[in-house]
>>> print(open('structure-v2.cif').read())   # mmCIF, C-alpha atoms
data_my_file
#
loop_
_atom_site.group_PDB
_atom_site.id
_atom_site.type_symbol
_atom_site.label_atom_id
_atom_site.label_comp_id
_atom_site.auth_asym_id
_atom_site.auth_seq_id
_atom_site.Cartn_x
_atom_site.Cartn_y
_atom_site.Cartn_z
ATOM 1 C CA MET A 3 -40.357 25.965 5.999
ATOM 2 C CA ASN A 4 -37.479 27.860 7.634
ATOM 3 C CA ARG A 5 -37.308 25.299 10.442
ATOM 4 C CA THR A 6 -37.022 22.485 7.877
ATOM 5 C CA ARG A 7 -34.175 24.284 6.093
ATOM 6 C CA ALA A 8 -32.396 24.825 9.401
ATOM 7 C CA VAL A 9 -32.686 21.141 10.339
ATOM 8 C CA ILE A 10 -31.449 20.039 6.913
ATOM 9 C CA GLY A 11 -28.573 22.534 7.133
ATOM 10 C CA MET A 12 -27.572 21.184 10.546
ATOM 11 C CA LEU A 13 -27.767 17.580 9.332
ATOM 12 C CA ILE A 14 -25.333 18.463 6.577
ATOM 13 C CA ALA A 15 -23.077 20.779 8.601
ATOM 14 C CA ILE A 16 -22.532 18.561 11.653
ATOM 15 C CA PRO A 17 -20.881 15.634 9.799
ATOM 16 C CA VAL A 18 -18.761 18.038 7.727
ATOM 17 C CA ILE A 19 -17.557 19.852 10.857
ATOM 18 C CA TRP A 20 -16.878 16.504 12.560
ATOM 19 C CA LEU A 21 -14.783 15.269 9.608
ATOM 20 C CA PHE A 22 -12.855 18.540 9.483
ATOM 21 C CA ALA A 23 -12.172 18.522 13.232
ATOM 22 C CA ARG A 24 -11.148 14.858 13.123
ATOM 23 C CA SER A 25 -8.502 15.563 10.488
ATOM 24 C CA MET A 26 -6.915 18.524 12.300
ATOM 25 C CA GLY A 27 -3.327 17.844 13.253
ATOM 26 C CA ARG A 28 -2.902 15.020 10.736
ATOM 27 C CA ASP A 29 -0.635 15.190 7.747
ATOM 28 C CA PRO A 30 -2.868 14.128 4.840
ATOM 29 C CA ARG A 31 0.168 12.741 3.055
ATOM 30 C CA ASP A 32 0.818 10.160 5.777
ATOM 31 C CA LEU A 33 -0.484 6.638 5.704
ATOM 32 C CA GLY A 34 -3.845 6.523 7.349
ATOM 33 C CA PRO A 35 -6.030 3.847 8.787
ATOM 34 C CA SER A 36 -7.635 1.717 6.151
ATOM 35 C CA PRO A 37 -11.403 1.539 5.762
ATOM 36 C CA LEU A 38 -10.777 -2.172 6.322
ATOM 37 C CA ALA A 39 -8.518 -1.628 9.358
ATOM 38 C CA GLY A 40 -8.412 -4.670 11.573
ATOM 39 C CA ARG A 41 -9.732 -7.016 8.883
ATOM 40 C CA ASP A 42 -7.693 -9.838 7.452
ATOM 41 C CA ALA A 43 -5.771 -8.868 4.343
ATOM 42 C CA PRO A 44 -6.970 -10.955 1.403
ATOM 43 C CA GLY A 45 -4.605 -13.850 0.868
ATOM 44 C CA PHE A 46 -2.572 -14.224 -2.247
ATOM 45 C CA ARG A 47 -0.155 -16.560 -3.913
ATOM 46 C CA LEU A 48 1.975 -14.875 -6.563
ATOM 47 C CA ALA A 49 5.156 -15.828 -8.387
ATOM 48 C CA VAL A 50 8.379 -13.899 -7.902
ATOM 49 C CA PHE A 51 9.652 -12.340 -11.122
ATOM 50 C CA ALA A 52 12.413 -10.180 -9.592
ATOM 51 C CA PRO A 53 14.297 -11.452 -6.566
ATOM 52 C CA GLY A 54 15.300 -8.255 -4.778
ATOM 53 C CA GLN A 55 18.679 -7.818 -3.166
ATOM 54 C CA ALA A 56 20.487 -9.266 -0.127
ATOM 55 C CA ALA A 57 18.338 -10.185 2.892
ATOM 56 C CA LEU A 58 15.084 -9.213 1.191
ATOM 57 C CA SER A 59 15.547 -11.492 -1.818
ATOM 58 C CA ARG A 60 13.604 -14.535 -3.008
ATOM 59 C CA PRO A 61 14.501 -16.691 -6.011
ATOM 60 C CA VAL A 62 12.729 -16.031 -9.311
ATOM 61 C CA GLY A 63 9.876 -18.502 -9.723
ATOM 62 C CA ASP A 64 9.406 -18.875 -5.957
ATOM 63 C CA THR A 65 5.855 -18.340 -4.742
ATOM 64 C CA VAL A 66 5.030 -15.679 -2.172
ATOM 65 C CA ARG A 67 2.017 -16.570 -0.033
ATOM 66 C CA LEU A 68 0.641 -13.997 2.368
ATOM 67 C CA ASP A 69 -0.307 -16.724 4.861
ATOM 68 C CA ASP A 70 3.386 -17.647 5.171
ATOM 69 C CA LEU A 71 4.208 -14.123 6.374
ATOM 70 C CA LYS A 72 2.005 -14.014 9.475
ATOM 71 C CA GLY A 73 4.056 -12.998 12.480
ATOM 72 C CA GLN A 74 5.838 -10.311 10.463
ATOM 73 C CA VAL A 75 4.943 -6.734 9.552
ATOM 74 C CA VAL A 76 4.470 -6.594 5.772
ATOM 75 C CA VAL A 77 4.528 -3.610 3.408
ATOM 76 C CA LEU A 78 2.701 -4.171 0.115
ATOM 77 C CA ASN A 79 3.254 -1.715 -2.720
ATOM 78 C CA PHE A 80 1.060 -1.930 -5.825
ATOM 79 C CA TRP A 81 2.802 -0.371 -8.842
ATOM 80 C CA ALA A 82 3.112 -0.457 -12.629
ATOM 81 C CA SER A 83 5.903 0.483 -15.026
ATOM 82 C CA TRP A 84 3.586 2.925 -16.855
ATOM 83 C CA CYS A 85 2.650 4.757 -13.620
ATOM 84 C CA GLY A 86 4.432 8.124 -13.275
ATOM 85 C CA PRO A 87 3.798 8.496 -9.509
ATOM 86 C CA CYS A 88 5.074 4.923 -8.998
ATOM 87 C CA LYS A 89 8.360 5.919 -10.607
ATOM 88 C CA GLU A 90 8.407 9.058 -8.450
ATOM 89 C CA GLU A 91 8.274 7.067 -5.196
ATOM 90 C CA TRP A 92 10.517 4.170 -6.307
ATOM 91 C CA GLY A 93 13.715 5.422 -4.659
ATOM 92 C CA GLU A 94 11.859 6.321 -1.455
ATOM 93 C CA LEU A 95 10.562 2.760 -1.125
ATOM 94 C CA GLN A 96 13.983 1.281 -1.816
ATOM 95 C CA ARG A 97 15.520 3.411 0.962
ATOM 96 C CA ALA A 98 12.682 2.506 3.358
ATOM 97 C CA ALA A 99 13.209 -1.210 2.674
ATOM 98 C CA ALA A 100 16.962 -0.909 3.227
ATOM 99 C CA ALA A 101 16.362 0.958 6.511
ATOM 100 C CA ASN A 102 13.911 -1.714 7.757
ATOM 101 C CA PRO A 103 15.498 -5.134 7.135
ATOM 102 C CA LYS A 104 13.128 -6.863 9.601
ATOM 103 C CA ILE A 105 10.054 -5.674 7.700
ATOM 104 C CA VAL A 106 8.895 -7.734 4.709
ATOM 105 C CA PHE A 107 8.479 -5.529 1.631
ATOM 106 C CA ILE A 108 6.688 -6.912 -1.417
ATOM 107 C CA GLY A 109 6.293 -5.036 -4.673
ATOM 108 C CA ILE A 110 3.198 -6.098 -6.580
ATOM 109 C CA ASN A 111 3.411 -5.156 -10.225
ATOM 110 C CA THR A 112 -0.202 -4.990 -11.344
ATOM 111 C CA MET A 113 -2.128 -4.303 -14.545
ATOM 112 C CA ASP A 114 1.154 -4.302 -16.440
ATOM 113 C CA LYS A 115 2.913 -6.522 -18.940
ATOM 114 C CA PHE A 116 5.760 -8.718 -17.705
ATOM 115 C CA GLU A 117 8.150 -7.368 -20.359
ATOM 116 C CA SER A 118 7.443 -3.747 -19.372
ATOM 117 C CA ALA A 119 7.912 -4.478 -15.684
ATOM 118 C CA ARG A 120 11.135 -6.401 -16.344
ATOM 119 C CA THR A 121 12.511 -3.538 -18.486
ATOM 120 C CA PHE A 122 11.707 -1.034 -15.730
ATOM 121 C CA LEU A 123 13.473 -3.180 -13.116
ATOM 122 C CA ASP A 124 16.526 -3.578 -15.368
ATOM 123 C CA GLY A 125 17.052 0.181 -15.009
ATOM 124 C CA HIS A 126 15.746 0.480 -11.439
ATOM 125 C CA PRO A 127 16.941 -2.418 -9.279
ATOM 126 C CA SER A 128 14.708 -3.381 -6.364
ATOM 127 C CA ALA A 129 15.853 -3.917 -2.791
ATOM 128 C CA TYR A 130 12.934 -6.284 -2.225
ATOM 129 C CA VAL A 131 11.022 -9.062 -3.953
ATOM 130 C CA GLN A 132 8.681 -8.240 -6.833
ATOM 131 C CA VAL A 133 5.659 -10.347 -7.766
ATOM 132 C CA LEU A 134 3.388 -10.111 -10.787
ATOM 133 C CA ASP A 135 -0.389 -9.520 -10.767
ATOM 134 C CA GLU A 136 -0.750 -8.953 -14.498
ATOM 135 C CA ARG A 137 -4.564 -8.771 -14.625
ATOM 136 C CA GLY A 138 -4.984 -6.770 -11.399
ATOM 137 C CA ALA A 139 -7.002 -9.530 -9.684
ATOM 138 C CA MET A 140 -5.036 -9.299 -6.466
ATOM 139 C CA MET A 141 -5.345 -5.528 -6.320
ATOM 140 C CA ALA A 142 -9.081 -5.810 -6.917
ATOM 141 C CA SER A 143 -9.384 -8.225 -3.979
ATOM 142 C CA TYR A 144 -8.372 -5.381 -1.667
ATOM 143 C CA THR A 145 -11.767 -3.704 -1.909
ATOM 144 C CA ASN A 146 -10.619 -0.440 -0.367
ATOM 145 C CA ILE A 147 -8.344 0.268 -3.339
ATOM 146 C CA PRO A 148 -10.171 1.977 -6.177
ATOM 147 C CA HIS A 149 -9.305 -0.098 -9.242
ATOM 148 C CA GLY A 150 -6.223 1.286 -10.896
ATOM 149 C CA VAL A 151 -5.196 3.846 -8.244
ATOM 150 C CA MET A 152 -1.436 3.571 -8.093
ATOM 151 C CA PRO A 153 0.814 3.540 -6.386
ATOM 152 C CA THR A 154 -0.973 2.152 -3.365
ATOM 153 C CA THR A 155 0.950 1.104 -0.273
ATOM 154 C CA MET A 156 -0.437 -0.958 2.597
ATOM 155 C CA ILE A 157 1.041 -2.013 5.900
ATOM 156 C CA LEU A 158 -0.156 -5.294 7.381
ATOM 157 C CA ASP A 159 0.342 -6.042 11.051
ATOM 158 C CA LYS A 160 1.861 -9.250 12.413
ATOM 159 C CA ARG A 161 -1.561 -10.919 12.435
ATOM 160 C CA GLY A 162 -1.995 -10.317 8.703
ATOM 161 C CA LYS A 163 -4.544 -7.580 9.248
ATOM 162 C CA ILE A 164 -4.656 -4.318 7.302
ATOM 163 C CA ALA A 165 -3.284 -1.588 9.568
ATOM 164 C CA ALA A 166 -2.631 1.379 7.237
ATOM 165 C CA TRP A 167 -2.777 2.324 3.583
ATOM 166 C CA ARG A 168 -2.251 5.199 1.201
ATOM 167 C CA ALA A 169 -3.087 5.720 -2.445
ATOM 168 C CA GLY A 170 -0.493 7.950 -4.064
ATOM 169 C CA PRO A 171 3.267 8.348 -3.859
ATOM 170 C CA LEU A 172 5.012 8.259 -0.485
ATOM 171 C CA LYS A 173 8.201 9.683 0.913
ATOM 172 C CA GLN A 174 10.448 7.458 3.019
ATOM 173 C CA ALA A 175 9.655 9.465 6.183
ATOM 174 C CA GLN A 176 5.907 9.019 5.684
ATOM 175 C CA LEU A 177 6.273 5.275 5.240
ATOM 176 C CA GLN A 178 8.583 5.098 8.261
ATOM 177 C CA ARG A 179 5.983 6.835 10.454
ATOM 178 C CA GLY A 180 3.406 4.292 9.277
ATOM 179 C CA ILE A 181 5.734 1.372 10.008
ATOM 180 C CA ASN A 182 6.596 2.789 13.439
ATOM 181 C CA SER A 183 2.916 3.179 14.246
ATOM 182 C CA VAL A 184 2.176 -0.434 13.347
ATOM 183 C CA LEU A 185 5.209 -1.678 15.283
ATOM 184 C CA ALA A 186 4.160 0.344 18.355
ATOM 185 C CA THR A 187 0.804 -1.433 18.449
ATOM 186 C CA ALA A 188 2.287 -4.915 17.907
#
>>> encode(input="structure-v2.cif", output="structure tokens")
Amino acid sequence: MNRTRAVIGMLIAIPVIWLFARSMGRDPRDLGPSPLAGRDAPGFRLAVFAPGQAALSRPVGDTVRLDDLKGQVVVLNFWASWCGPCKEEWGELQRAAAANPKIVFIGINTMDKFESARTFLDGHPSAYVQVLDERGAMMASYTNIPHGVMPTTMILDKRGKIAAWRAGPLKQAQLQRGINSVLATA
């Protein structure tokens, strides 16, 4: 009986110790590898509803297709106007986009109403293109994102593969470290 308890205790303790040791030295707030790392990001085709500014702009009504962006590092940010943490990170993402003009940033407004998203953007201009995923279908296609967890930010490598992701608000420095990591492996 005691031997059985000891074996069961070890079977539980070893994976826990391994996970703890593996995370030592990492900042849990940074972007981490995705559970789908190395897999193709699900394709999408979504209409632009806010063009963004300067070099990162696209005309309203244009269609953004993920397949057209292969060969470039892409940052996807899933957000909603009703999401408090999304509002918290908004300025950080705008600064990151401005600091990385060669990186494609796409804001994906999801599970939100067009009017609410448009009103939010009227008061918070975006440095990069915004597309609409009103029903959340595109977000759901990224199976490693628990439905409705926002904001969620993903970095796709130049091959269109998921390289890093984070659920929750980011600071510009955290996103920059993630971008630098993806660029270093390109």
>>> closest_residue(input="structure-v2.cif", among="A:Tyr130, A:Trp167, A:Phe46, A:Phe122", to="Lys104 (chain A)", atoms="all atoms listed in the file")
A:Tyr130
>>> residues_near_point(input="structure-v2.cif", point="(7.2, -4.1, 0.7)", cutoff="7 Å", atoms="only C-alpha atoms", output="list in words")
Val76, Val77, Leu78, Asn79, Ala99, Val106, Phe107, Ile108, Gly109 and Tyr130 of chain A
>>> resolve_selection(input="structure-v2.cif", expression="the PyMOL selection byres ((chain A and resi 156) around 10)", output="number ranges by chain")
A: 33-36, 43, 76-80, 147, 154-155, 157-159, 164-169, 177, 180-181
>>> residues_around(input="structure-v2.cif", residues="Gly54 (chain A)", least_positions_apart="5", cutoff="8 Å", atoms="only C-alpha atoms", output="JSON, numbers by chain")
{"A": [59, 60, 127, 128, 129, 130, 131, 132]}
>>> write_last_selection(input="structure-v2.cif", atoms="C-alpha atoms", output="PDB file, keeping the file's coordinate frame")
ATOM      1  CA  SER A  59      15.547 -11.492  -1.818  1.00  0.00           C
ATOM      2  CA  ARG A  60      13.604 -14.535  -3.008  1.00  0.00           C
ATOM      3  CA  PRO A 127      16.941  -2.418  -9.279  1.00  0.00           C
ATOM      4  CA  SER A 128      14.708  -3.381  -6.364  1.00  0.00           C
ATOM      5  CA  ALA A 129      15.853  -3.917  -2.791  1.00  0.00           C
ATOM      6  CA  TYR A 130      12.934  -6.284  -2.225  1.00  0.00           C
ATOM      7  CA  VAL A 131      11.022  -9.062  -3.953  1.00  0.00           C
ATOM      8  CA  GLN A 132       8.681  -8.240  -6.833  1.00  0.00           C
TER       9      GLN A 132
END
>>> atom_distance(input="structure-v2.cif", atom1="CA of Arg137 (chain A)", atom2="CA of Arg41 (chain A)")
24.1 Å
>>> atom_distance(input="structure-v2.cif", atom1="CA of Val50 (chain A)", atom2="CA of Leu172 (chain A)")
23.6 Å
>>> residues_around(input="structure-v2.cif", residues="Arg120 (chain A)", least_positions_apart="3", cutoff="9 Å", atoms="all atoms listed in the file", output="list in words")
Phe51, Ala52, Ser83, Lys115, Phe116, Glu117, Leu123, Asp124 and Gly125 of chain A
>>> closest_residue(input="structure-v2.cif", among="A:Met152, A:Val62, A:Ala175, A:Leu185", to="Pro87 (chain A)", atoms="only C-alpha atoms")
A:Met152
>>> closest_residue(input="structure-v2.cif", among="A:Ser183, A:Asp64, A:Arg5, A:Gln176", to="Ala98 (chain A)", atoms="all atoms listed in the file")
A:Gln176
